[in-house]
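Chemist: Structure: input-v5.tsv, TSV, C-alpha atoms.
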```tsv
chain	number	residue	atom	x	y	z
A	164	MET	CA	-15.20	0.65	16.46
A	165	VAL	CA	-15.17	-1.74	13.51
A	166	GLY	CA	-16.55	-5.23	14.02
A	167	GLY	CA	-16.34	-4.74	17.79
A	168	GLU	CA	-12.65	-3.77	17.67
A	169	GLU	CA	-11.22	-0.35	18.49
A	170	LYS	CA	-9.52	1.26	15.50
A	171	TYR	CA	-7.56	4.43	14.86
A	172	VAL	CA	-7.13	6.17	11.50
A	173	LEU	CA	-3.85	7.61	10.22
A	174	TYR	CA	-3.93	10.01	7.26
A	175	LEU	CA	-0.66	10.11	5.32
A	176	HIS	CA	0.46	12.28	2.41
A	177	PRO	CA	1.14	10.33	-0.84
A	178	TYR	CA	4.88	11.06	-0.41
A	179	GLN	CA	4.77	9.32	2.99
A	180	VAL	CA	2.83	6.43	1.46
A	181	THR	CA	5.47	6.02	-1.24
A	182	ASP	CA	8.19	5.98	1.43
A	183	LEU	CA	6.36	3.08	3.14
A	184	ARG	CA	6.04	1.14	-0.09
A	185	VAL	CA	9.53	1.56	-1.58
A	186	ASP	CA	11.44	0.07	1.36
A	187	ALA	CA	11.88	-3.49	0.13
A	188	THR	CA	15.15	-4.32	1.90
A	189	THR	CA	14.39	-3.91	5.61
A	190	ALA	CA	12.92	-6.98	7.35
A	191	GLY	CA	9.39	-6.33	8.61
A	192	ASN	CA	8.74	-3.60	6.04
A	193	TRP	CA	5.32	-2.66	4.67
A	194	PHE	CA	5.51	-5.23	1.88
A	195	ASP	CA	6.27	-8.03	4.37
A	196	ILE	CA	3.36	-7.01	6.61
A	197	GLN	CA	0.85	-6.96	3.73
A	198	LYS	CA	2.18	-10.21	2.25
A	199	ALA	CA	1.89	-11.98	5.63
A	200	GLY	CA	-1.69	-10.77	6.06
A	201	ILE	CA	-2.75	-12.08	2.66
A	202	GLN	CA	-0.93	-15.40	3.16
A	203	GLY	CA	-2.64	-15.73	6.55
A	204	GLY	CA	-6.05	-15.61	4.88
A	205	GLN	CA	-6.74	-11.91	5.41
A	206	ILE	CA	-8.04	-11.43	1.87
A	207	SER	CA	-11.69	-10.41	1.75
A	208	LYS	CA	-11.51	-8.39	4.98
A	209	ASN	CA	-8.21	-6.74	4.07
A	210	PRO	CA	-8.53	-2.92	4.38
A	211	ILE	CA	-6.80	-2.55	1.01
A	212	TYR	CA	-10.10	-3.53	-0.61
A	213	THR	CA	-11.97	-0.71	1.14
A	214	GLY	CA	-9.81	2.08	-0.28
A	215	ALA	CA	-7.47	2.09	2.71
A	216	LEU	CA	-3.76	1.41	2.34
A	217	GLY	CA	-3.90	-1.30	4.94
A	218	GLU	CA	-4.00	-1.77	8.67
A	219	TYR	CA	-1.20	-2.11	11.18
A	220	ASN	CA	-1.71	-2.79	14.88
A	221	GLY	CA	-5.28	-1.45	14.94
A	222	VAL	CA	-4.47	1.63	12.84
A	223	VAL	CA	-6.16	1.97	9.45
A	224	LEU	CA	-3.85	3.82	7.05
A	225	ARG	CA	-5.34	6.15	4.44
A	226	SER	CA	-3.85	8.53	1.90
A	227	ALA	CA	-4.84	12.20	1.60
A	228	PHE	CA	-3.38	14.99	-0.55
A	229	ASP	CA	-4.20	17.81	1.87
A	230	ILE	CA	-1.74	16.74	4.59
A	231	PRO	CA	0.12	19.91	5.63
A	232	LEU	CA	3.84	20.52	5.66
A	233	ALA	CA	5.55	20.02	9.01
A	234	THR	CA	7.10	23.07	10.64
A	235	ASN	CA	10.53	23.68	12.12
A	236	SER	CA	10.04	23.55	15.90
A	237	THR	CA	12.53	26.38	16.44
A	238	THR	CA	11.49	28.86	13.74
A	239	GLY	CA	7.89	27.83	13.13
A	240	VAL	CA	8.54	27.90	9.36
A	241	ALA	CA	7.12	25.14	7.15
A	242	VAL	CA	9.74	22.74	5.77
A	243	ALA	CA	9.15	21.71	2.14
A	244	SER	CA	10.59	18.19	2.47
A	245	THR	CA	8.35	17.16	5.40
A	246	ARG	CA	4.72	16.26	6.00
A	247	ARG	CA	2.55	16.14	9.12
A	248	ALA	CA	0.54	12.91	9.17
A	249	ILE	CA	-2.55	12.97	11.39
A	250	LEU	CA	-3.52	10.11	13.74
A	251	LEU	CA	-7.19	10.23	14.73
A	252	GLY	CA	-8.63	8.53	17.77
A	253	ALA	CA	-12.10	8.37	19.26
A	254	GLN	CA	-13.88	11.73	19.46
A	255	ALA	CA	-11.23	13.48	17.31
A	256	ALA	CA	-14.02	15.46	15.66
A	257	VAL	CA	-17.57	16.53	16.40
A	258	ILE	CA	-20.46	17.24	14.07
A	259	GLY	CA	-23.29	19.70	14.57
A	260	PHE	CA	-26.51	20.11	12.61
A	261	ALA	CA	-28.63	23.20	12.04
A	262	MET	CA	-31.13	24.14	14.75
A	263	ASP	CA	-34.81	23.24	14.50
A	264	THR	CA	-34.08	19.97	12.71
A	265	ASP	CA	-36.98	17.93	11.44
A	266	GLU	CA	-37.70	15.57	8.57
A	267	ASN	CA	-37.12	18.48	6.15
A	268	THR	CA	-33.57	19.17	7.39
A	269	PHE	CA	-32.15	16.68	4.91
A	270	ASP	CA	-33.04	17.02	1.25
A	271	TRP	CA	-32.73	14.10	-1.17
A	272	VAL	CA	-33.49	14.75	-4.83
A	273	GLU	CA	-33.25	12.25	-7.67
A	274	GLU	CA	-33.50	13.34	-11.31
A	275	LEU	CA	-33.06	11.57	-14.61
A	276	PHE	CA	-30.96	13.25	-17.31
A	277	ASP	CA	-29.97	12.51	-20.91
A	278	TYR	CA	-33.32	11.09	-21.95
A	279	GLU	CA	-33.65	9.12	-18.71
A	280	ARG	CA	-30.34	7.26	-19.19
A	281	GLU	CA	-28.40	8.98	-16.37
A	282	LEU	CA	-29.53	9.30	-12.76
A	283	GLY	CA	-28.43	12.31	-10.74
A	284	VAL	CA	-28.77	12.39	-6.96
A	285	SER	CA	-28.45	15.41	-4.68
A	286	ALA	CA	-28.23	15.11	-0.90
A	287	GLN	CA	-28.27	18.32	1.12
A	288	ALA	CA	-27.94	19.15	4.80
A	289	MET	CA	-26.69	22.07	6.87
A	290	PHE	CA	-24.00	20.90	9.25
A	291	GLY	CA	-20.45	21.54	10.40
A	292	ILE	CA	-17.51	19.37	11.49
A	293	LYS	CA	-14.79	20.62	13.81
A	294	LYS	CA	-11.72	19.17	15.50
A	295	THR	CA	-12.44	18.53	19.18
A	296	GLN	CA	-10.70	20.84	21.66
A	297	PHE	CA	-10.98	21.20	25.42
A	298	GLY	CA	-9.47	24.31	26.97
A	299	SER	CA	-7.78	25.17	23.64
A	300	VAL	CA	-6.01	21.78	23.62
A	301	ASP	CA	-6.60	19.30	20.78
A	302	PHE	CA	-8.31	16.07	21.83
A	303	GLY	CA	-8.02	12.67	20.14
A	304	VAL	CA	-5.45	13.85	17.55
A	305	VAL	CA	-1.71	13.21	17.26
A	306	ALA	CA	0.51	14.89	14.65
A	307	ILE	CA	3.33	12.77	13.23
A	308	ASP	CA	6.00	14.78	11.40
A	309	SER	CA	8.28	12.93	9.00
A	310	TYR	CA	10.63	13.51	6.09
A	311	ALA	CA	8.58	13.17	2.91
A	312	ALA	CA	10.02	14.57	-0.31
A	313	ALA	CA	8.65	14.12	-3.83
A	314	HIS	CA	9.82	10.96	-5.59
A	315	ALA	CA	11.19	10.92	-9.11
```
Take the structure in the file and give it back as structure tokens.
Modeler:
Amino acid sequence: MVGGEEKYVLYLHPYQVTDLRVDATTAGNWFDIQKAGIQGGQISKNPIYTGALGEYNGVVLRSAFDIPLATNSTTGVAVASTRRAILLGAQAAVIGFAMDTDENTFDWVEELFDYERELGVSAQAMFGIKKTQFGSVDFGVVAIDSYAAAHA
């Protein structure tokens, strides 16, 4: 939920992002969508300013280098010219913290370096994040395979 609205997150490989951006000829392409949002006054709240690529129909698009290759559905072999984007919904992941948590579970340390001109901060906690599964079936996650080759 962001500002009271339900949102999803889609992680795309940079090759897939480039494919979105280079299509300048098709009506309703990525460029047209972003241009219309900015012309409609969606400037300060535009997801582009938060590090996201943008938003489309309630889906926040983000780029990530560690998107895996898609696999051939017949052979199960990874295909070099494809990528598997990941769409995340509510409860797509869970987080767990170490047992016997108390105020000392999280450590926060601040130190000054270089003759007190540089501040270093360390935050520490013992936790784990895992994709949600029920009965060995993924929950809240959709894989989107697409052609995505390197661009020259």
Chemist: To one decimal in Å, tell me the separation between CA of Glu218 in chain A and CA of Val172 in chain A.
Modeler: 9.0 Å
Chemist: Kindly give the distance, in Å, that separates CA of His314 in chain A and CA of Tyr178 in chain A, rounded to a single decimal.
Modeler: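 One can read the CA of His314 in chain A to CA of Tyr178 in chain A distance as 7.2 Å.
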Chemist: Within 9 Å of (-12.3, -0.4, 10.4), all atoms listed in the file: residues as a PDB file with C-alpha atoms, keeping the file's coordinate frame?
Modeler:
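Below is the file point-v9.pdb, written as the result:
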```pdb
ATOM      1  CA  MET A 164     -15.200   0.650  16.460  1.00  0.00           C
ATOM      2  CA  VAL A 165     -15.170  -1.740  13.510  1.00  0.00           C
ATOM      3  CA  GLY A 166     -16.550  -5.230  14.020  1.00  0.00           C
ATOM      4  CA  GLU A 168     -12.650  -3.770  17.670  1.00  0.00           C
ATOM      5  CA  GLU A 169     -11.220  -0.350  18.490  1.00  0.00           C
ATOM      6  CA  LYS A 170      -9.520   1.260  15.500  1.00  0.00           C
ATOM      7  CA  TYR A 171      -7.560   4.430  14.860  1.00  0.00           C
ATOM      8  CA  VAL A 172      -7.130   6.170  11.500  1.00  0.00           C
ATOM      9  CA  PRO A 210      -8.530  -2.920   4.380  1.00  0.00           C
ATOM     10  CA  GLU A 218      -4.000  -1.770   8.670  1.00  0.00           C
ATOM     11  CA  GLY A 221      -5.280  -1.450  14.940  1.00  0.00           C
ATOM     12  CA  VAL A 222      -4.470   1.630  12.840  1.00  0.00           C
ATOM     13  CA  VAL A 223      -6.160   1.970   9.450  1.00  0.00           C
TER      14      VAL A 223
END
```
Chemist: Name the residues in contact with Gln179 in chain A at a cut-off of 12 Å, using only C-alpha atoms, excluding same-chain residues fewer than 2 positions from it; report them as a ChimeraX atom specification.
Modeler: /A:173-177,181-186,216,224-228,230-232,244-249,307-314
Chemist: How many Å lie between CA of Gly303 in chain A and CA of Gly200 in chain A, rounded to one decimal?
Modeler: 28.1 Å
Chemist: Return the single residue from A:Ala190, A:Ala241, A:Ala233, A:Ala255 that is closest to Gln296 in chain A, with distances computed using only C-alpha atoms.
Modeler: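 With only C-alpha atoms as the atom set, the closest residue is A:Ala255.
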Chemist: From the set A:Thr295, A:Gly167, A:Val300, A:Ala199, which residue has the shortest atom-to-atom contact distance to Leu251 in chain A, counting all atoms listed in the file?
Modeler: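 Under the stated criterion, the closest residue is A:Thr295.
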Chemist: Applying 12 Å and only C-alpha atoms, which residues near Phe290 in chain A remain after dropping the ones on its own chain fewer than 4 positions away? List them as a ChimeraX atom specification.
Modeler: /A:257-262,264,268-269
Chemist: Between A:Leu275, A:Lys293, A:Tyr219, A:Val240, which one has atoms that come closest to Gln197 in chain A, using all atoms listed in the file?
Modeler: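 Of all the options, A:Tyr219 lies closest to Gln197 in chain A.
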